[in-house]
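**Student:** I have a structure I would like to understand better, so I am pasting it below and will then ask my questions one at a time.
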Amino acid sequence: VPPTPPAGATQSNGAASNSPSGTATASLPGNTISASGTGVGAVTVSSYASNPTPGAVSGGTGVFYDVELAPGTQWTSLTITVCSLGSGGQSISWWDGSAWVPFSNQSFDSGTGCVTATVTGSTSPTLAQLTGTPIAATGPLSGGYWSVASDGGIFSYGDAKFYGSTGAMHLNKPIVGMAPTHDGKGYWLVAADGGIFSYGDAQFYGSAGALRLNQPIVGMAVTADGKGYWLLASDGGVFSYGDAGFHGSVGGLHLNAPMVGMAATADGGGYSMVASDGGVFTFGDAGFHGSAGAMHLNKPIVGMAPTHGGKGYWLVASDGGIFSYGDAQFYGSTGAITLNKPVVGMAPTFSGKGYWLVASDGGIFNYGDAAFDGSAGSMLLNQPIDGMAAHPEGT
């Protein structure tokens, strides 16, 4: 039975497929949308003739679909492919009941013009949320970013909005990093003493602010559903909060160089951390794809960023040199450029086909499909920039 559309929307006939075991598939004529699942049960796909969420603009191309898993269906994964998106359509978002949110695990193929998204029990949306879920064709997910200064001042560009800062507060220790929520409507800031500051729809799940730390916090990473986070100390100690699972640390090891950054896997089942000498340490389901630990570096590593599927990562040095591993592609660097100030962080685009670098003076360097939306490079800053984060939806 096709899902019932919200009031005011019309819907075409859906195509359903039932399977007692193995896989089930469904598609609309012309394969404008298709779904293939692994497990037991049925899937239905259909399309809307108008926006099924009146008053809530998707920011997309005006093409809307619907996907529903039959009640009682037992699935392990579902792959959704949307083609013929029209001009500007390079991604898909889902309606979570109050807002349009990008699929957390999707990719766009410019050759076919199709977007493919994989849904599991830990993605956004989850399999349990596909109960007649509107889907919108949206534009490139590559625009918008924040940069953060050590006093917690926030600079927002493109689709990234300002939700608050600690710029006017007296901090016990400087801010050392930030992370956005999955819908881009909020962010967390973390200080060197482990204090957490949450803004917008970012929820507070705990902090290390009241703990006596052996070494300062240097970064953070967020879980797959955004309901938890990890903090990383320079000695490799890991502190987990909310639904973030502890998968191990190097807190008790003798390190050749201090830790400078971390990245979580796509499903939140593990994380990687990198030291300033380029050494990479992996825990949980995080795969080791290589490191710069045995290389002679011109400048120290200052951070890392994972690819969207979690099967690779980039390392960035303070001279803007980029080291790519696994399925991370090299799109350019400032390694051969004389910089006014050192690079302090990076962030990949949603597509994973580009990235931004940020320098301590607020200068932004964009590569691949990363769009330049502005910088603080010409501003007189109260405190230097020490990190950045990309908005998850660049429509």
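Residues are named by chain letter and number: chains run A, B, ... in the order of the structure tokens, numbers start at 1 in each chain, and ligands are numbered from 1 in the order shown.
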Against stretch 341-361 of chain A, which residues of stretch 244-337 of chain A fall within 7 Å? For each one I want the closest pair of atoms and the distance in Å (one decimal), counting only C-alpha atoms, rows by chain and increasing residue number, as a tab-separated table.
**Tutor:**
residue	atom	partner	partner_atom	distance
A:Val302	CA	A:Val344	CA	5.9
A:Gly303	CA	A:Gly345	CA	5.6
A:Ala305	CA	A:Ala347	CA	6.3
A:Thr307	CA	A:Gly352	CA	5.8
A:His308	CA	A:Gly352	CA	5.8
A:Ser318	CA	A:Val343	CA	4.6
A:Asp319	CA	A:Pro342	CA	5.8
A:Gly320	CA	A:Val343	CA	5.5
A:Tyr331	CA	A:Gly354	CA	6.3
**Student:** Okay, now the selection with N, CA and C atoms, as a compact mmCIF listing (two decimals), in the first residue's frame?
**Tutor:**
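For reference, part-v1.txt as written:
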# COMPACT_ATOMS: atom_id res chain seq x y z
N VAL A 302 48.45 19.31 11.40
CA VAL A 302 47.61 20.07 12.33
C VAL A 302 46.19 19.55 12.41
N GLY A 303 45.81 18.61 11.53
CA GLY A 303 44.45 18.10 11.58
C GLY A 303 44.20 17.03 10.55
N ALA A 305 40.65 14.96 8.32
CA ALA A 305 39.23 14.96 7.97
C ALA A 305 38.92 13.65 7.26
N THR A 307 36.77 11.01 4.70
CA THR A 307 35.91 11.05 3.52
C THR A 307 34.49 10.71 3.97
N HIS A 308 33.52 10.99 3.08
CA HIS A 308 32.13 10.85 3.50
C HIS A 308 31.76 9.42 3.84
N SER A 318 50.71 22.37 8.62
CA SER A 318 50.58 23.80 8.86
C SER A 318 50.99 24.65 7.66
N ASP A 319 51.72 24.08 6.71
CA ASP A 319 52.02 24.80 5.47
C ASP A 319 50.96 24.57 4.40
N GLY A 320 49.89 23.84 4.77
CA GLY A 320 48.82 23.56 3.83
C GLY A 320 49.07 22.36 2.96
N TYR A 331 43.06 17.22 -4.24
CA TYR A 331 42.50 18.25 -5.11
C TYR A 331 43.34 19.53 -5.14
**Student:** Check the DSSP output for the backbone and give back, as a PyMOL selection string, the residues of stretch 148-304 of chain A in strand (DSSP E).
**Tutor:** chain A and resi 148-149+154-157+175-180+186-191+196-200+217-222+228-233+238-242+259-264+270-275+280-284+301-304
**Student:** With a distance cut-off of 12 Å and only C-alpha atoms, select the neighbouring residues of A:Gly226, excluding the residue or stretch itself and same-chain residues fewer than 5 positions from it, and output the selection as a list in words.
**Tutor:**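 Listed by chain and then number, they are Ser104, Ser122, Thr123, Ser124, Pro125, Ala179, Pro180, Thr181, His182, Asp183, Gly184, Lys185, Gly186, Tyr187, Trp188, Asp201, Ala202, Gln203, Phe204, Tyr205, Ala221, Tyr241, Gly242, Asp243, Ala244, Ala264, Ala266, Asp267 and Gly268 of chain A.
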**Student:** Measure the distance from atom CA of A:Ser93 to atom CA of A:Gly374 in Å and round it to one decimal.
**Tutor:**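 Interatomic distance, atom CA of A:Ser93 to atom CA of A:Gly374: 25.5 Å.
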**Student:** Which of these residues is nearest to A:Ser107, using only C-alpha atoms: A:Leu315, A:Ser150, A:Gly309, A:Ser240?
**Tutor:**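 With only C-alpha atoms as the atom set, the closest residue is A:Gly309.
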**Student:** Do you know which residues are at most 10 Å from stretch 190-193 of chain A counting only C-alpha atoms, after dropping those on the same chain fewer than 5 positions away, and could you put them as a PDB file with N, CA, C and O atoms, in the first residue's frame?
**Tutor:**
ATOM      1  N   SER A 150      40.245  31.284  18.788  1.00  0.00           N
ATOM      2  CA  SER A 150      40.563  30.701  20.083  1.00  0.00           C
ATOM      3  C   SER A 150      39.753  31.317  21.225  1.00  0.00           C
ATOM      4  O   SER A 150      39.648  30.725  22.297  1.00  0.00           O
ATOM      5  N   ASP A 151      39.169  32.498  21.015  1.00  0.00           N
ATOM      6  CA  ASP A 151      38.280  33.069  22.021  1.00  0.00           C
ATOM      7  C   ASP A 151      36.836  32.619  21.823  1.00  0.00           C
ATOM      8  O   ASP A 151      35.941  33.056  22.548  1.00  0.00           O
ATOM      9  N   GLY A 152      36.612  31.763  20.833  1.00  0.00           N
ATOM     10  CA  GLY A 152      35.270  31.267  20.555  1.00  0.00           C
ATOM     11  C   GLY A 152      34.464  32.141  19.632  1.00  0.00           C
ATOM     12  O   GLY A 152      33.266  31.900  19.431  1.00  0.00           O
ATOM     13  N   LEU A 171      36.805  32.916  29.161  1.00  0.00           N
ATOM     14  CA  LEU A 171      37.015  31.474  29.125  1.00  0.00           C
ATOM     15  C   LEU A 171      38.173  31.071  30.023  1.00  0.00           C
ATOM     16  O   LEU A 171      39.174  31.794  30.122  1.00  0.00           O
ATOM     17  N   ASN A 172      38.028  29.908  30.651  1.00  0.00           N
ATOM     18  CA  ASN A 172      39.129  29.377  31.442  1.00  0.00           C
ATOM     19  C   ASN A 172      40.294  28.959  30.554  1.00  0.00           C
ATOM     20  O   ASN A 172      41.459  29.138  30.911  1.00  0.00           O
ATOM     21  N   LYS A 173      39.952  28.403  29.393  1.00  0.00           N
ATOM     22  CA  LYS A 173      40.955  27.955  28.432  1.00  0.00           C
ATOM     23  C   LYS A 173      40.464  28.282  27.028  1.00  0.00           C
ATOM     24  O   LYS A 173      39.261  28.409  26.794  1.00  0.00           O
ATOM     25  N   PRO A 174      41.355  28.399  26.062  1.00  0.00           N
ATOM     26  CA  PRO A 174      40.938  28.757  24.699  1.00  0.00           C
ATOM     27  C   PRO A 174      40.134  27.665  24.018  1.00  0.00           C
ATOM     28  O   PRO A 174      40.271  26.477  24.324  1.00  0.00           O
ATOM     29  N   ILE A 175      39.300  28.067  23.081  1.00  0.00           N
ATOM     30  CA  ILE A 175      38.582  27.133  22.214  1.00  0.00           C
ATOM     31  C   ILE A 175      39.589  26.512  21.252  1.00  0.00           C
ATOM     32  O   ILE A 175      40.453  27.207  20.704  1.00  0.00           O
ATOM     33  N   VAL A 176      39.476  25.198  21.048  1.00  0.00           N
ATOM     34  CA  VAL A 176      40.434  24.505  20.181  1.00  0.00           C
ATOM     35  C   VAL A 176      39.773  23.792  18.999  1.00  0.00           C
ATOM     36  O   VAL A 176      40.464  23.255  18.135  1.00  0.00           O
ATOM     37  N   GLY A 177      38.435  23.790  18.942  1.00  0.00           N
ATOM     38  CA  GLY A 177      37.782  23.118  17.828  1.00  0.00           C
ATOM     39  C   GLY A 177      36.283  23.280  17.859  1.00  0.00           C
ATOM     40  O   GLY A 177      35.714  23.797  18.837  1.00  0.00           O
ATOM     41  N   MET A 178      35.637  22.845  16.783  1.00  0.00           N
ATOM     42  CA  MET A 178      34.186  22.902  16.679  1.00  0.00           C
ATOM     43  C   MET A 178      33.694  21.767  15.811  1.00  0.00           C
ATOM     44  O   MET A 178      34.459  21.161  15.048  1.00  0.00           O
ATOM     45  N   ALA A 179      32.397  21.461  15.936  1.00  0.00           N
ATOM     46  CA  ALA A 179      31.758  20.438  15.104  1.00  0.00           C
ATOM     47  C   ALA A 179      30.307  20.830  14.894  1.00  0.00           C
ATOM     48  O   ALA A 179      29.646  21.281  15.835  1.00  0.00           O
ATOM     49  N   SER A 198      27.409  24.585  23.516  1.00  0.00           N
ATOM     50  CA  SER A 198      26.500  24.135  22.452  1.00  0.00           C
ATOM     51  C   SER A 198      25.571  25.263  22.039  1.00  0.00           C
ATOM     52  O   SER A 198      25.043  26.008  22.880  1.00  0.00           O
ATOM     53  N   SER A 207      30.840  17.114  29.515  1.00  0.00           N
ATOM     54  CA  SER A 207      32.124  17.734  29.183  1.00  0.00           C
ATOM     55  C   SER A 207      33.186  17.251  30.163  1.00  0.00           C
ATOM     56  O   SER A 207      32.884  16.620  31.183  1.00  0.00           O
ATOM     57  N   ALA A 208      34.417  17.573  29.821  1.00  0.00           N
ATOM     58  CA  ALA A 208      35.536  17.267  30.708  1.00  0.00           C
ATOM     59  C   ALA A 208      35.998  18.522  31.438  1.00  0.00           C
ATOM     60  O   ALA A 208      37.084  18.545  32.019  1.00  0.00           O
ATOM     61  N   GLY A 209      35.163  19.542  31.429  1.00  0.00           N
ATOM     62  CA  GLY A 209      35.546  20.831  31.997  1.00  0.00           C
ATOM     63  C   GLY A 209      35.870  20.785  33.472  1.00  0.00           C
ATOM     64  O   GLY A 209      36.654  21.601  33.968  1.00  0.00           O
ATOM     65  N   ALA A 210      35.246  19.845  34.199  1.00  0.00           N
ATOM     66  CA  ALA A 210      35.479  19.750  35.644  1.00  0.00           C
ATOM     67  C   ALA A 210      36.511  18.686  35.995  1.00  0.00           C
ATOM     68  O   ALA A 210      36.774  18.455  37.179  1.00  0.00           O
ATOM     69  N   LEU A 211      37.093  18.036  34.975  1.00  0.00           N
ATOM     70  CA  LEU A 211      38.073  16.983  35.229  1.00  0.00           C
ATOM     71  C   LEU A 211      39.490  17.554  35.289  1.00  0.00           C
ATOM     72  O   LEU A 211      39.780  18.589  34.685  1.00  0.00           O
ATOM     73  N   ARG A 212      40.338  16.844  35.989  1.00  0.00           N
ATOM     74  CA  ARG A 212      41.754  17.183  35.981  1.00  0.00           C
ATOM     75  C   ARG A 212      42.396  16.386  34.844  1.00  0.00           C
ATOM     76  O   ARG A 212      42.541  15.163  34.931  1.00  0.00           O
ATOM     77  N   LEU A 213      42.762  17.056  33.781  1.00  0.00           N
ATOM     78  CA  LEU A 213      43.280  16.392  32.592  1.00  0.00           C
ATOM     79  C   LEU A 213      44.797  16.285  32.639  1.00  0.00           C
ATOM     80  O   LEU A 213      45.480  17.208  33.086  1.00  0.00           O
ATOM     81  N   GLN A 215      46.575  16.069  29.885  1.00  0.00           N
ATOM     82  CA  GLN A 215      46.990  16.924  28.779  1.00  0.00           C
ATOM     83  C   GLN A 215      45.757  17.623  28.212  1.00  0.00           C
ATOM     84  O   GLN A 215      44.631  17.141  28.371  1.00  0.00           O
ATOM     85  N   PRO A 216      45.925  18.755  27.541  1.00  0.00           N
ATOM     86  CA  PRO A 216      44.766  19.506  27.044  1.00  0.00           C
ATOM     87  C   PRO A 216      44.032  18.800  25.909  1.00  0.00           C
ATOM     88  O   PRO A 216      44.599  17.985  25.183  1.00  0.00           O
ATOM     89  N   ILE A 217      42.755  19.127  25.790  1.00  0.00           N
ATOM     90  CA  ILE A 217      41.940  18.669  24.669  1.00  0.00           C
ATOM     91  C   ILE A 217      42.377  19.409  23.411  1.00  0.00           C
ATOM     92  O   ILE A 217      42.680  20.603  23.447  1.00  0.00           O
ATOM     93  N   VAL A 218      42.398  18.676  22.276  1.00  0.00           N
ATOM     94  CA  VAL A 218      42.822  19.285  21.009  1.00  0.00           C
ATOM     95  C   VAL A 218      41.765  19.196  19.916  1.00  0.00           C
ATOM     96  O   VAL A 218      41.908  19.815  18.864  1.00  0.00           O
ATOM     97  N   GLY A 219      40.692  18.432  20.132  1.00  0.00           N
ATOM     98  CA  GLY A 219      39.677  18.320  19.091  1.00  0.00           C
ATOM     99  C   GLY A 219      38.508  17.478  19.525  1.00  0.00           C
ATOM    100  O   GLY A 219      38.485  16.920  20.632  1.00  0.00           O
ATOM    101  N   MET A 220      37.511  17.358  18.647  1.00  0.00           N
ATOM    102  CA  MET A 220      36.311  16.585  18.929  1.00  0.00           C
ATOM    103  C   MET A 220      35.751  16.004  17.647  1.00  0.00           C
ATOM    104  O   MET A 220      36.089  16.430  16.539  1.00  0.00           O
ATOM    105  N   LEU A 231      35.880  13.623  22.733  1.00  0.00           N
ATOM    106  CA  LEU A 231      36.917  14.637  22.877  1.00  0.00           C
ATOM    107  C   LEU A 231      38.265  13.936  22.866  1.00  0.00           C
ATOM    108  O   LEU A 231      38.411  12.850  23.446  1.00  0.00           O
ATOM    109  N   LEU A 232      39.246  14.539  22.228  1.00  0.00           N
ATOM    110  CA  LEU A 232      40.587  13.968  22.134  1.00  0.00           C
ATOM    111  C   LEU A 232      41.592  14.889  22.810  1.00  0.00           C
ATOM    112  O   LEU A 232      41.626  16.092  22.539  1.00  0.00           O
ATOM    113  N   ALA A 233      42.424  14.313  23.690  1.00  0.00           N
ATOM    114  CA  ALA A 233      43.495  15.064  24.340  1.00  0.00           C
ATOM    115  C   ALA A 233      44.801  14.869  23.584  1.00  0.00           C
ATOM    116  O   ALA A 233      44.951  13.918  22.804  1.00  0.00           O
ATOM    117  N   SER A 234      45.756  15.741  23.816  1.00  0.00           N
ATOM    118  CA  SER A 234      47.009  15.683  23.068  1.00  0.00           C
ATOM    119  C   SER A 234      47.823  14.439  23.392  1.00  0.00           C
ATOM    120  O   SER A 234      48.704  14.055  22.614  1.00  0.00           O
TER     121      SER A 234
END
**Student:** Can you tell me, as an mmCIF file with N, CA and C atoms, in the first residue's frame, what residues are no more than 8 Å from stretch 130-133 of chain A when counting only C-alpha atoms, ignoring any on the same chain fewer than 3 positions away?
**Tutor:**
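Printed below is around.cif as written:
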data_model
loop_
_atom_site.group_PDB
_atom_site.id
_atom_site.type_symbol
_atom_site.label_atom_id
_atom_site.label_comp_id
_atom_site.auth_asym_id
_atom_site.auth_seq_id
_atom_site.Cartn_x
_atom_site.Cartn_y
_atom_site.Cartn_z
ATOM 1 N N PRO A 3 2.354 4.889 0.669
ATOM 2 C CA PRO A 3 2.201 5.743 1.844
ATOM 3 C C PRO A 3 1.205 6.856 1.597
ATOM 4 N N THR A 4 0.548 7.292 2.637
ATOM 5 C CA THR A 4 -0.439 8.355 2.523
ATOM 6 C C THR A 4 0.259 9.698 2.535
ATOM 7 N N ASP A 66 8.902 9.576 -2.360
ATOM 8 C CA ASP A 66 8.528 9.004 -1.081
ATOM 9 C C ASP A 66 9.031 7.564 -1.030
ATOM 10 N N VAL A 67 9.574 7.165 0.100
ATOM 11 C CA VAL A 67 10.048 5.795 0.284
ATOM 12 C C VAL A 67 9.454 5.248 1.576
ATOM 13 N N GLU A 68 8.927 4.029 1.498
ATOM 14 C CA GLU A 68 8.335 3.412 2.686
ATOM 15 C C GLU A 68 8.719 1.940 2.777
ATOM 16 N N LEU A 69 9.176 1.541 3.953
ATOM 17 C CA LEU A 69 9.393 0.129 4.250
ATOM 18 C C LEU A 69 8.160 -0.398 4.958
ATOM 19 N N ALA A 70 7.702 -1.587 4.559
ATOM 20 C CA ALA A 70 6.509 -2.164 5.150
ATOM 21 C C ALA A 70 6.710 -2.404 6.643
ATOM 22 N N PRO A 71 5.662 -2.219 7.449
ATOM 23 C CA PRO A 71 5.774 -2.481 8.887
ATOM 24 C C PRO A 71 6.224 -3.921 9.148
ATOM 25 N N TRP A 94 15.841 14.424 3.233
ATOM 26 C CA TRP A 94 14.630 13.776 3.729
ATOM 27 C C TRP A 94 13.952 14.676 4.753
ATOM 28 N N TRP A 95 12.624 14.522 4.854
ATOM 29 C CA TRP A 95 11.834 15.326 5.777
ATOM 30 C C TRP A 95 11.770 14.620 7.124
ATOM 31 N N ASP A 96 12.353 15.229 8.162
ATOM 32 C CA ASP A 96 12.408 14.582 9.474
ATOM 33 C C ASP A 96 11.225 14.937 10.369
ATOM 34 N N PRO A 125 18.558 9.435 7.070
ATOM 35 C CA PRO A 125 17.672 8.812 8.056
ATOM 36 C C PRO A 125 18.109 7.379 8.354
ATOM 37 N N THR A 126 17.563 6.824 9.428
ATOM 38 C CA THR A 126 17.764 5.409 9.711
ATOM 39 C C THR A 126 16.703 4.597 8.984
ATOM 40 N N LEU A 127 16.891 3.289 8.921
ATOM 41 C CA LEU A 127 15.877 2.417 8.319
ATOM 42 C C LEU A 127 14.532 2.567 9.027
#
**Student:** Quick one: everything within 7 Å of A:Phe64, counting only C-alpha atoms, minus sequence neighbours fewer than 4 positions away in the same chain. Send it as a PDB file with N, CA, C and O atoms, in the first residue's frame.
**Tutor:**
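What follows is the written file selection.pdb:
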ATOM      1  N   SER A  47       6.067   9.089  -6.068  1.00  0.00           N
ATOM      2  CA  SER A  47       6.460  10.476  -6.280  1.00  0.00           C
ATOM      3  C   SER A  47       5.305  11.407  -5.978  1.00  0.00           C
ATOM      4  O   SER A  47       4.130  11.023  -6.057  1.00  0.00           O
ATOM      5  N   TYR A  48       5.635  12.626  -5.594  1.00  0.00           N
ATOM      6  CA  TYR A  48       4.655  13.663  -5.320  1.00  0.00           C
ATOM      7  C   TYR A  48       4.569  14.613  -6.507  1.00  0.00           C
ATOM      8  O   TYR A  48       5.580  14.921  -7.132  1.00  0.00           O
ATOM      9  N   ASN A  51       5.029  19.877  -3.563  1.00  0.00           N
ATOM     10  CA  ASN A  51       5.776  19.827  -2.310  1.00  0.00           C
ATOM     11  C   ASN A  51       4.905  19.219  -1.210  1.00  0.00           C
ATOM     12  O   ASN A  51       3.858  19.776  -0.872  1.00  0.00           O
ATOM     13  N   PRO A 134       9.059  11.592   2.888  1.00  0.00           N
ATOM     14  CA  PRO A 134       9.297  12.436   1.714  1.00  0.00           C
ATOM     15  C   PRO A 134      10.783  12.684   1.483  1.00  0.00           C
ATOM     16  O   PRO A 134      11.552  12.876   2.428  1.00  0.00           O
ATOM     17  N   ILE A 135      11.159  12.674   0.213  1.00  0.00           N
ATOM     18  CA  ILE A 135      12.534  12.923  -0.199  1.00  0.00           C
ATOM     19  C   ILE A 135      12.514  14.040  -1.231  1.00  0.00           C
ATOM     20  O   ILE A 135      11.694  14.034  -2.148  1.00  0.00           O
ATOM     21  N   ALA A 136      13.428  14.984  -1.102  1.00  0.00           N
ATOM     22  CA  ALA A 136      13.518  16.103  -2.040  1.00  0.00           C
ATOM     23  C   ALA A 136      14.839  16.051  -2.785  1.00  0.00           C
ATOM     24  O   ALA A 136      15.879  15.735  -2.209  1.00  0.00           O
ATOM     25  N   ALA A 137      14.796  16.341  -4.078  1.00  0.00           N
ATOM     26  CA  ALA A 137      16.015  16.507  -4.866  1.00  0.00           C
ATOM     27  C   ALA A 137      16.561  17.893  -4.586  1.00  0.00           C
ATOM     28  O   ALA A 137      15.860  18.894  -4.759  1.00  0.00           O
TER      29      ALA A 137
END
**Student:** Excluding A:Ser147 and any residue of its chain fewer than 2 positions from it, enumerate the residues within 7 Å of it, using only C-alpha atoms, and give them as a CSV table (one decimal) with N, CA, C and O atoms, in the first residue's frame.
**Tutor:**
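Result file is selection.csv:
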chain,number,residue,atom,x,y,z
A,145,TYR,N,30.5,27.4,5.4
A,145,TYR,CA,31.4,26.9,6.5
A,145,TYR,C,31.5,27.9,7.6
A,145,TYR,O,31.1,29.1,7.4
A,149,ALA,N,37.6,31.1,16.3
A,149,ALA,CA,38.9,31.7,16.9
A,149,ALA,C,39.1,31.1,18.2
A,149,ALA,O,38.1,30.5,18.8
A,154,ILE,N,32.9,33.2,16.3
A,154,ILE,CA,32.5,32.4,15.1
A,154,ILE,C,32.3,33.3,13.9
A,154,ILE,O,31.7,34.4,14.0
A,155,PHE,N,32.8,32.9,12.8
A,155,PHE,CA,32.7,33.6,11.5
A,155,PHE,C,32.0,32.6,10.6
A,155,PHE,O,32.4,31.5,10.3
A,156,SER,N,30.8,33.0,10.1
A,156,SER,CA,30.0,32.1,9.3
A,156,SER,C,29.8,32.6,7.8
A,156,SER,O,29.7,33.8,7.6
A,385,ILE,N,42.4,32.4,14.4
A,385,ILE,CA,41.5,31.2,14.1
A,385,ILE,C,42.3,30.0,14.4
A,385,ILE,O,43.5,29.9,14.1
A,387,GLY,N,40.4,26.7,13.9
A,387,GLY,CA,39.6,25.6,13.4
A,387,GLY,C,38.5,26.0,12.5
A,387,GLY,O,38.2,27.2,12.4
A,388,MET,N,37.9,25.0,11.8
A,388,MET,CA,36.7,25.3,11.0
A,388,MET,C,35.9,24.0,10.9
A,388,MET,O,36.2,22.9,11.3
A,389,ALA,N,34.6,24.2,10.3
A,389,ALA,CA,33.7,23.1,10.1
A,389,ALA,C,32.9,23.5,8.9
A,389,ALA,O,32.6,24.7,8.6
**Student:** Of the candidates A:Leu381, A:Phe197, A:Gln74, A:Pro392, which shows the shortest atom-to-atom distance to A:Pro102, using only C-alpha atoms?
**Tutor:** A:Pro392
**Student:** So that each row is one residue of stretch 85-131 of chain A with an atom at most 12 Å from stretch 29-44 of chain A, can you give its shortest atom pair and the distance in Å to one decimal, using only C-alpha atoms, rows by chain and rising number, as a tab-separated table?
**Tutor:**
residue	atom	partner	partner_atom	distance
A:Leu85	CA	A:Thr32	CA	8.1
A:Gly86	CA	A:Thr32	CA	10.8
A:Ile92	CA	A:Ile33	CA	11.2
A:Thr112	CA	A:Thr32	CA	11.6
A:Gly113	CA	A:Thr32	CA	10.5
A:Cys114	CA	A:Thr32	CA	8.8
A:Val115	CA	A:Ile33	CA	9.5
A:Thr116	CA	A:Ser34	CA	9.6
A:Ala117	CA	A:Ala35	CA	9.5
A:Thr118	CA	A:Gly37	CA	9.5
A:Val119	CA	A:Gly37	CA	9.2
A:Thr120	CA	A:Gly37	CA	9.9
A:Leu127	CA	A:Gly37	CA	10.2
A:Leu130	CA	A:Val43	CA	9.4
A:Thr131	CA	A:Thr44	CA	9.8
**Student:** I need the chosen residues saved as a PDB file, in the first residue's frame, with N, CA, C and O atoms.
**Tutor:**
ATOM      1  N   LEU A  85      17.453  14.434 -12.006  1.00  0.00           N
ATOM      2  CA  LEU A  85      17.142  15.412 -10.968  1.00  0.00           C
ATOM      3  C   LEU A  85      16.857  16.799 -11.526  1.00  0.00           C
ATOM      4  O   LEU A  85      16.321  17.647 -10.834  1.00  0.00           O
ATOM      5  N   GLY A  86      17.244  17.045 -12.755  1.00  0.00           N
ATOM      6  CA  GLY A  86      17.045  18.357 -13.318  1.00  0.00           C
ATOM      7  C   GLY A  86      18.194  19.287 -12.987  1.00  0.00           C
ATOM      8  O   GLY A  86      19.161  18.916 -12.336  1.00  0.00           O
ATOM      9  N   ILE A  92      20.084  14.531  -2.313  1.00  0.00           N
ATOM     10  CA  ILE A  92      18.724  14.331  -1.831  1.00  0.00           C
ATOM     11  C   ILE A  92      18.686  14.579  -0.333  1.00  0.00           C
ATOM     12  O   ILE A  92      19.653  14.351   0.382  1.00  0.00           O
ATOM     13  N   THR A 112      26.226   9.862 -14.745  1.00  0.00           N
ATOM     14  CA  THR A 112      24.854   9.357 -14.897  1.00  0.00           C
ATOM     15  C   THR A 112      23.811  10.375 -14.472  1.00  0.00           C
ATOM     16  O   THR A 112      22.636  10.240 -14.812  1.00  0.00           O
ATOM     17  N   GLY A 113      24.223  11.385 -13.700  1.00  0.00           N
ATOM     18  CA  GLY A 113      23.272  12.351 -13.180  1.00  0.00           C
ATOM     19  C   GLY A 113      22.412  11.786 -12.070  1.00  0.00           C
ATOM     20  O   GLY A 113      21.302  12.281 -11.826  1.00  0.00           O
ATOM     21  N   CYS A 114      22.923  10.769 -11.384  1.00  0.00           N
ATOM     22  CA  CYS A 114      22.152  10.092 -10.333  1.00  0.00           C
ATOM     23  C   CYS A 114      22.819  10.273  -8.971  1.00  0.00           C
ATOM     24  O   CYS A 114      24.042  10.325  -8.862  1.00  0.00           O
ATOM     25  N   VAL A 115      21.987  10.338  -7.956  1.00  0.00           N
ATOM     26  CA  VAL A 115      22.438  10.334  -6.570  1.00  0.00           C
ATOM     27  C   VAL A 115      22.129   8.969  -5.978  1.00  0.00           C
ATOM     28  O   VAL A 115      21.031   8.438  -6.148  1.00  0.00           O
ATOM     29  N   THR A 116      23.093   8.384  -5.284  1.00  0.00           N
ATOM     30  CA  THR A 116      22.895   7.111  -4.606  1.00  0.00           C
ATOM     31  C   THR A 116      23.132   7.296  -3.118  1.00  0.00           C
ATOM     32  O   THR A 116      24.154   7.857  -2.714  1.00  0.00           O
ATOM     33  N   ALA A 117      22.166   6.858  -2.320  1.00  0.00           N
ATOM     34  CA  ALA A 117      22.274   6.964  -0.863  1.00  0.00           C
ATOM     35  C   ALA A 117      22.086   5.587  -0.249  1.00  0.00           C
ATOM     36  O   ALA A 117      21.235   4.801  -0.705  1.00  0.00           O
ATOM     37  N   THR A 118      22.860   5.282   0.768  1.00  0.00           N
ATOM     38  CA  THR A 118      22.734   4.033   1.500  1.00  0.00           C
ATOM     39  C   THR A 118      22.185   4.325   2.898  1.00  0.00           C
ATOM     40  O   THR A 118      22.689   5.210   3.590  1.00  0.00           O
ATOM     41  N   VAL A 119      21.134   3.588   3.265  1.00  0.00           N
ATOM     42  CA  VAL A 119      20.477   3.783   4.557  1.00  0.00           C
ATOM     43  C   VAL A 119      20.654   2.516   5.387  1.00  0.00           C
ATOM     44  O   VAL A 119      20.408   1.410   4.902  1.00  0.00           O
ATOM     45  N   THR A 120      21.094   2.686   6.622  1.00  0.00           N
ATOM     46  CA  THR A 120      21.250   1.571   7.553  1.00  0.00           C
ATOM     47  C   THR A 120      20.597   1.955   8.879  1.00  0.00           C
ATOM     48  O   THR A 120      19.865   2.948   8.964  1.00  0.00           O
ATOM     49  N   LEU A 127      16.891   3.289   8.921  1.00  0.00           N
ATOM     50  CA  LEU A 127      15.877   2.417   8.319  1.00  0.00           C
ATOM     51  C   LEU A 127      14.532   2.567   9.027  1.00  0.00           C
ATOM     52  O   LEU A 127      13.474   2.562   8.384  1.00  0.00           O
ATOM     53  N   LEU A 130      12.148   5.297   7.714  1.00  0.00           N
ATOM     54  CA  LEU A 130      11.565   5.219   6.366  1.00  0.00           C
ATOM     55  C   LEU A 130      10.168   4.615   6.468  1.00  0.00           C
ATOM     56  O   LEU A 130       9.908   3.491   6.071  1.00  0.00           O
ATOM     57  N   THR A 131       9.241   5.409   6.983  1.00  0.00           N
ATOM     58  CA  THR A 131       7.863   4.958   7.189  1.00  0.00           C
ATOM     59  C   THR A 131       6.893   5.744   6.310  1.00  0.00           C
ATOM     60  O   THR A 131       5.790   6.067   6.719  1.00  0.00           O
TER      61      THR A 131
END
**Student:** Give the answer as one residue: which of A:Gly278, A:Gly164, A:Gly368, A:Gly363 has the shortest atom-to-atom distance to A:Tyr325, using only C-alpha atoms?
**Tutor:**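 Among the listed residues, A:Gly278 lies closest to A:Tyr325.
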